[in-house]
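Have a look at the structure below before the remarks.
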Amino acid sequence: MADWYLWAWILCSTMTLVVLRCSVLKRRKGNGISPTRGESVKRVLAGNGECRSADGSDADVIIVGAGVAGSALAHTLGKDGRRVHVIERDLTEPDRIVGELLQPGGYLKLIELGLEDCVEEIDAQKVFGYALFKDGKHTRLSYPLENFHSDVSGRSFHNGRFIQRMREKAASLPSVRLEQGTVTSLLEEKGTVRGVQYKTKDGRELTAFAPLTIVCDGCFSNLRRSLCNPKVEVPSCFVGLVLENCHLPYSNHGHVILADPSPILFYPISSTEVRCLVDIPGQKVPSIANGEMTNYLKTIVAHQVPPDIYDSFVAAVDKGNIRTMPNRSMPASPYPTPGALLMGDAFNMRHPLTGGGMTVALSDIVVLRDLLRPLRDLNDALNLCKYLESFYTLRKPVASTINTLADALYKVFSASPDQARKEMRQACFDYLSLGGVFSTGPISLLSGLNPRPMSLVMHFFAVAIYGIGRLLVPFPSPKRIWIGARLITGASGIIFPIIKSEGVRQMFFPATVPAYYRAPPLK
């Protein structure tokens with residue numbers, strides 16, 4: 001009974017904080033000015049409003065980029081009978097240090113799209129949860145998979161192998177045309193995007209037209225500026241290593257070390273390889289060329305990794321195959337544009353700490369597929385654009401939960417000299433170590449199995465309140481009370497700006513947004 005009273009008190013406290021905060025947040029209204037059209041958009045004339053490619057081929061949809069989002073979308077639309085033209089800058093196998101862990105929620109979306117076999121024959125490893133390490137202590141957080149088929153779990157793999165499998169599957173459909181080329185600009189006629197201009201592998205400049213162009217050209221997108229208001233932040237960089245023949249303390253689990261200054265990740269990417277990602281705050285990293293990075297990894301990082309991994313970590317550093325990658329975060333802020341749509345990392349990014357990017361992208365594809373299925377004709381660009389505004393609302397509960405959790409958790413897990421932040425970090429570790437609903441609730445959010453915004457806010461402030469309780473029991477002092485007050489205000493300062501950037505109304509009350517109820521065009 002005491003547990004129920006505790007949860008009721010936490011719920012009431014959390015709801016009160018949310019209501020008070022939301023009452024003072026004022027959403028900025030758009031000024032109605034269309035985006036600046038630079039070199040990424042060119043105005044063209046397509047006779048009689050028809051969309052035709054220069055080479056005479058017809059397409060219903062052009063997809064720019066064949067990464068995870070682009071390849072999955074091409075297969076999905078092609079399977080539904082759409083004629084799809086995919087233009088990808090480089091069709092060779094990518095070699096990246098991120099996009100290697102697919103959460104169980106993302107795997108369920110993969111099944112829904114009929115792409116689950118893309119994790120087969122690439123030595124992908126099943127992932128059943130996480131192990132969390134801090135100051136010599138550790139706890140295991142298992143995904144709540146009891147109510148799912150035995151095959152449902154997370155998957156970790158080489159990103160390039162996974163993408164090549166999806167490209168092959170998309171290209172196997174007769175209605176999908178996969179071409180290597182670099183899209184240089186969108187082609188616009190009277191405010192409507194009609195297609196793209198691109199340079200082929202052999203250097204020819206061509207144009208391609210279609211009623212709908214979907215830009216999925218990744219985190220380095222050169223086209224997004226004309227379709228959204230990109231507010232890209234780079235809170236940190238990942239330093240990537242591959243550990244060979246390394247035995248993790250918990251097999252088939254991701255490992256998160258709450259290190260100083262920020263987290264270190266380990267997870268398997270094949271039966272013989274473990275990926276290590278060392279987070280370095282800020283945009284500057286030690287130089288690899290002059291040996292500064294090697295020295296940093298050996299003197300600052302190595303002694304913080306678990307003893308079971310230490311030798312493999314040092315051996316990987318000595319081997320010298322060290323890669324870096326800036327970690328980007330960008331809330332979705334689209335300009336609804338007739339004839340065009342953004343998807344994937346070109347549209348929305350969050351810190352990769354929680355591995356939620358592919359889950360968001362696949363979830364978005366399911367939403368878009370369901371919206372497009374009733375439509376036979378995509379040529380009415382204005383009505384189609386108005387109808388697809390519902391996409392931005394329907395995606396929000398899932399996407400905003402994963403986005404908010406990723407960015408908030410990174411801030412909580414990073415070390416800080418501030419005592420209140422230290423208490424919040426320790427409270428988070430201890431809260432997750434309690435087990436039961438205290439661990440399954442947050443891990444179900446992280447895994448994409450239960451992406452509910454209100455559940456996220458409840459658990460986040462439950463951690464804060466738990467931290468305050470640790471400070472005040474058994475004997476509160478003025479100093480502890482002051483730290484507790486700063487802890488709760490610090491927690492609010494972490495999560496509420498993220499929620500505001502995601503959109504309070506769309507995130508928590510999507511059914512109150514008119515676009516939520518948009519019906520398909522009659523044509």
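Residue numbering restarts at 1 for every chain of the structure tokens, chains are lettered A, B, ... in their displayed order, and ligands are numbered from 1 as they appear.
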
Near-A:Asp430 list (10 Å; only C-alpha atoms; drop same-chain fewer than 6 positions) as a PyMOL selection string: chain A and resi 134+138-139+424+438-439+463+466-467

Would you mind listing, for every residue of stretch 207-270 of chain A within 12 Å of stretch 358-378 of chain A, the two atoms forming the shortest contact and the distance between them in Å to one decimal, using only C-alpha atoms, sorted by chain and ascending residue number, as CSV?
```
residue,atom,partner,partner_atom,distance
A:Ala210,CA,A:Leu378,CA,9.0
A:Pro211,CA,A:Leu378,CA,5.7
A:Leu212,CA,A:Leu378,CA,6.9
A:Thr213,CA,A:Leu378,CA,10.7
A:Ile214,CA,A:Leu368,CA,10.9
A:Cys216,CA,A:Ala361,CA,9.9
A:Gly218,CA,A:Ala361,CA,11.0
```

9 Å contact set for A:Val278, only C-alpha atoms, chain neighbours under 6 positions out, as a list in words: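 Once the adjacent positions are removed, what remains is Cys237, Phe238, Val239, Gly240, Leu241, Ser262, Pro263, Ile264, Leu265, Phe266, Leu297 and Val301 of chain A.
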
Just to be explicit: take each residue in the selection above, keep N, CA, C and O atoms, and write the result as a PDB file, in the first residue's frame.
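Output saved as selection26.pdb:
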```pdb
ATOM      1  N   CYS A 237      31.196  14.797 -29.267  1.00  0.00           N
ATOM      2  CA  CYS A 237      31.688  13.946 -30.363  1.00  0.00           C
ATOM      3  C   CYS A 237      31.912  12.537 -29.832  1.00  0.00           C
ATOM      4  O   CYS A 237      32.263  12.352 -28.664  1.00  0.00           O
ATOM      5  N   PHE A 238      31.710  11.560 -30.688  1.00  0.00           N
ATOM      6  CA  PHE A 238      32.040  10.179 -30.366  1.00  0.00           C
ATOM      7  C   PHE A 238      33.409   9.835 -30.942  1.00  0.00           C
ATOM      8  O   PHE A 238      33.726  10.192 -32.085  1.00  0.00           O
ATOM      9  N   VAL A 239      34.202   9.133 -30.151  1.00  0.00           N
ATOM     10  CA  VAL A 239      35.447   8.534 -30.627  1.00  0.00           C
ATOM     11  C   VAL A 239      35.198   7.029 -30.704  1.00  0.00           C
ATOM     12  O   VAL A 239      34.857   6.402 -29.690  1.00  0.00           O
ATOM     13  N   GLY A 240      35.323   6.462 -31.886  1.00  0.00           N
ATOM     14  CA  GLY A 240      34.965   5.066 -32.095  1.00  0.00           C
ATOM     15  C   GLY A 240      36.160   4.142 -32.218  1.00  0.00           C
ATOM     16  O   GLY A 240      37.150   4.458 -32.889  1.00  0.00           O
ATOM     17  N   LEU A 241      36.053   2.985 -31.557  1.00  0.00           N
ATOM     18  CA  LEU A 241      37.052   1.915 -31.638  1.00  0.00           C
ATOM     19  C   LEU A 241      36.319   0.599 -31.850  1.00  0.00           C
ATOM     20  O   LEU A 241      35.143   0.463 -31.505  1.00  0.00           O
ATOM     21  N   SER A 262      32.040  12.189 -19.550  1.00  0.00           N
ATOM     22  CA  SER A 262      30.752  11.799 -20.126  1.00  0.00           C
ATOM     23  C   SER A 262      30.764  10.308 -20.434  1.00  0.00           C
ATOM     24  O   SER A 262      31.801   9.641 -20.320  1.00  0.00           O
ATOM     25  N   PRO A 263      29.617   9.737 -20.824  1.00  0.00           N
ATOM     26  CA  PRO A 263      29.494   8.280 -20.915  1.00  0.00           C
ATOM     27  C   PRO A 263      30.402   7.610 -21.945  1.00  0.00           C
ATOM     28  O   PRO A 263      30.836   8.220 -22.924  1.00  0.00           O
ATOM     29  N   ILE A 264      30.659   6.320 -21.693  1.00  0.00           N
ATOM     30  CA  ILE A 264      31.366   5.446 -22.627  1.00  0.00           C
ATOM     31  C   ILE A 264      30.430   4.284 -22.936  1.00  0.00           C
ATOM     32  O   ILE A 264      29.806   3.726 -22.019  1.00  0.00           O
ATOM     33  N   LEU A 265      30.321   3.919 -24.199  1.00  0.00           N
ATOM     34  CA  LEU A 265      29.425   2.838 -24.616  1.00  0.00           C
ATOM     35  C   LEU A 265      30.211   1.661 -25.179  1.00  0.00           C
ATOM     36  O   LEU A 265      31.219   1.849 -25.859  1.00  0.00           O
ATOM     37  N   PHE A 266      29.714   0.459 -24.883  1.00  0.00           N
ATOM     38  CA  PHE A 266      30.231  -0.765 -25.491  1.00  0.00           C
ATOM     39  C   PHE A 266      29.038  -1.615 -25.916  1.00  0.00           C
ATOM     40  O   PHE A 266      28.079  -1.767 -25.138  1.00  0.00           O
ATOM     41  N   LEU A 297      42.948   8.659 -24.518  1.00  0.00           N
ATOM     42  CA  LEU A 297      42.227   7.405 -24.286  1.00  0.00           C
ATOM     43  C   LEU A 297      42.927   6.542 -23.234  1.00  0.00           C
ATOM     44  O   LEU A 297      42.270   5.867 -22.437  1.00  0.00           O
ATOM     45  N   VAL A 301      40.644   7.794 -20.121  1.00  0.00           N
ATOM     46  CA  VAL A 301      39.504   6.898 -20.326  1.00  0.00           C
ATOM     47  C   VAL A 301      39.772   5.478 -19.825  1.00  0.00           C
ATOM     48  O   VAL A 301      38.922   4.871 -19.165  1.00  0.00           O
TER      49      VAL A 301
END
```

Nearest to A:Thr76 by atom-to-atom distance, counting only C-alpha atoms, from A:Arg167, A:Lys199, A:Arg96, A:Lys396: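 Ranking A:Arg167, A:Lys199, A:Arg96, A:Lys396 by distance to A:Thr76, first place goes to A:Arg167.
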
Nearby residues (only C-alpha atoms) at most 7 Å from stretch 450-458 of chain A, same-chain spacing under 5 positions excluded, as number ranges by chain: A: 11, 14, 397-398, 401-402, 444-445, 507-508

Point-to-point distance from atom CA of A:Ile495 to atom CA of A:Phe413, Å rounded to tenths: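 According to the coordinates, atom CA of A:Ile495 and atom CA of A:Phe413 are separated by 13.5 Å.
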
d(atom CA of A:Arg470, atom CA of A:Gly484) in Å: 9.2 Å

For A:Ser156, the nearest of the candidates A:Tyr517, A:Phe209, A:Tyr267, A:Phe461, counting only C-alpha atoms: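 Selected residue with least distance to A:Ser156: A:Tyr267.
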
Surrounding residues of A:Leu206 excluding itself and chain neighbours under 2 positions, 7 Å, only C-alpha atoms, as a VMD selection string: chain A and resid 54 197 to 199 204 208

For the residues in the current selection, export N, CA and C atoms as a JSON list (two decimals), in the first residue's frame.
```
[["chain", "number", "residue", "atom", "x", "y", "z"],
["A", 54, "ALA", "N", 14.02, 13.67, -67.36],
["A", 54, "ALA", "CA", 14.71, 13.97, -68.61],
["A", 54, "ALA", "C", 14.96, 12.72, -69.45],
["A", 197, "GLN", "N", 17.67, 18.19, -59.46],
["A", 197, "GLN", "CA", 18.78, 18.19, -60.40],
["A", 197, "GLN", "C", 19.93, 17.43, -59.75],
["A", 198, "TYR", "N", 20.57, 16.54, -60.51],
["A", 198, "TYR", "CA", 21.63, 15.72, -59.92],
["A", 198, "TYR", "C", 22.72, 15.43, -60.93],
["A", 199, "LYS", "N", 23.87, 15.09, -60.39],
["A", 199, "LYS", "CA", 25.03, 14.75, -61.21],
["A", 199, "LYS", "C", 25.26, 13.25, -61.11],
["A", 204, "ARG", "N", 27.52, 13.50, -65.66],
["A", 204, "ARG", "CA", 26.45, 14.16, -66.41],
["A", 204, "ARG", "C", 25.48, 14.87, -65.47],
["A", 208, "ALA", "N", 15.37, 15.03, -62.71],
["A", 208, "ALA", "CA", 14.36, 13.99, -62.52],
["A", 208, "ALA", "C", 13.14, 14.65, -61.90]]
```

Strand (DSSP E) residues, from DSSP on the backbone, in stretch 176-394 of chain A, as a PyMOL selection string: chain A and resi 176-189+192-200+205-209+212-215+233-244+254-257+264-268+273-281+323-329+340-342

Stretch 137-347 of chain A: residues DSSP assigns to helix (DSSP H, G or I), reported as an MDAnalysis selection string: chainID A and resid 159:171 224:226 292:304 307:319 344:346

Pick from A:Leu102, A:Leu173, A:Ala346, A:Leu223 nearest to A:Arg82, counting only C-alpha atoms: A:Leu173

Distance criterion (only C-alpha atoms): nearest to A:Ser333 out of A:Asn321, A:Ser501, A:Asn383, A:Gln304: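 For A:Ser333, the nearest of the given residues is A:Ser501.
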
d(atom CA of A:Val412, atom CA of A:Ala131) in Å: 16.7 Å

6 Å contact set for A:Ile62, only C-alpha atoms, chain neighbours under 2 positions out, as a VMD selection string: chain A and resid 84 to 86 213

What would the file look like if the residues just selected were written as a short mmCIF file (atom, residue, chain, number, x, y, z; two decimals), in the first residue's frame with N, CA, C and O atoms?
```cif
data_model
loop_
_atom_site.label_atom_id
_atom_site.label_comp_id
_atom_site.auth_asym_id
_atom_site.auth_seq_id
_atom_site.Cartn_x
_atom_site.Cartn_y
_atom_site.Cartn_z
N VAL A 84 9.25 4.33 -57.73
CA VAL A 84 10.19 5.06 -56.88
C VAL A 84 11.54 5.17 -57.57
O VAL A 84 12.10 4.18 -58.05
N HIS A 85 12.08 6.38 -57.59
CA HIS A 85 13.41 6.64 -58.12
C HIS A 85 14.28 7.10 -56.96
O HIS A 85 14.07 8.17 -56.40
N VAL A 86 15.26 6.27 -56.58
CA VAL A 86 16.16 6.59 -55.47
C VAL A 86 17.49 7.06 -56.03
O VAL A 86 18.09 6.39 -56.88
N THR A 213 8.86 14.54 -53.81
CA THR A 213 10.29 14.32 -53.56
C THR A 213 10.51 14.23 -52.07
O THR A 213 10.12 15.14 -51.32
#
```
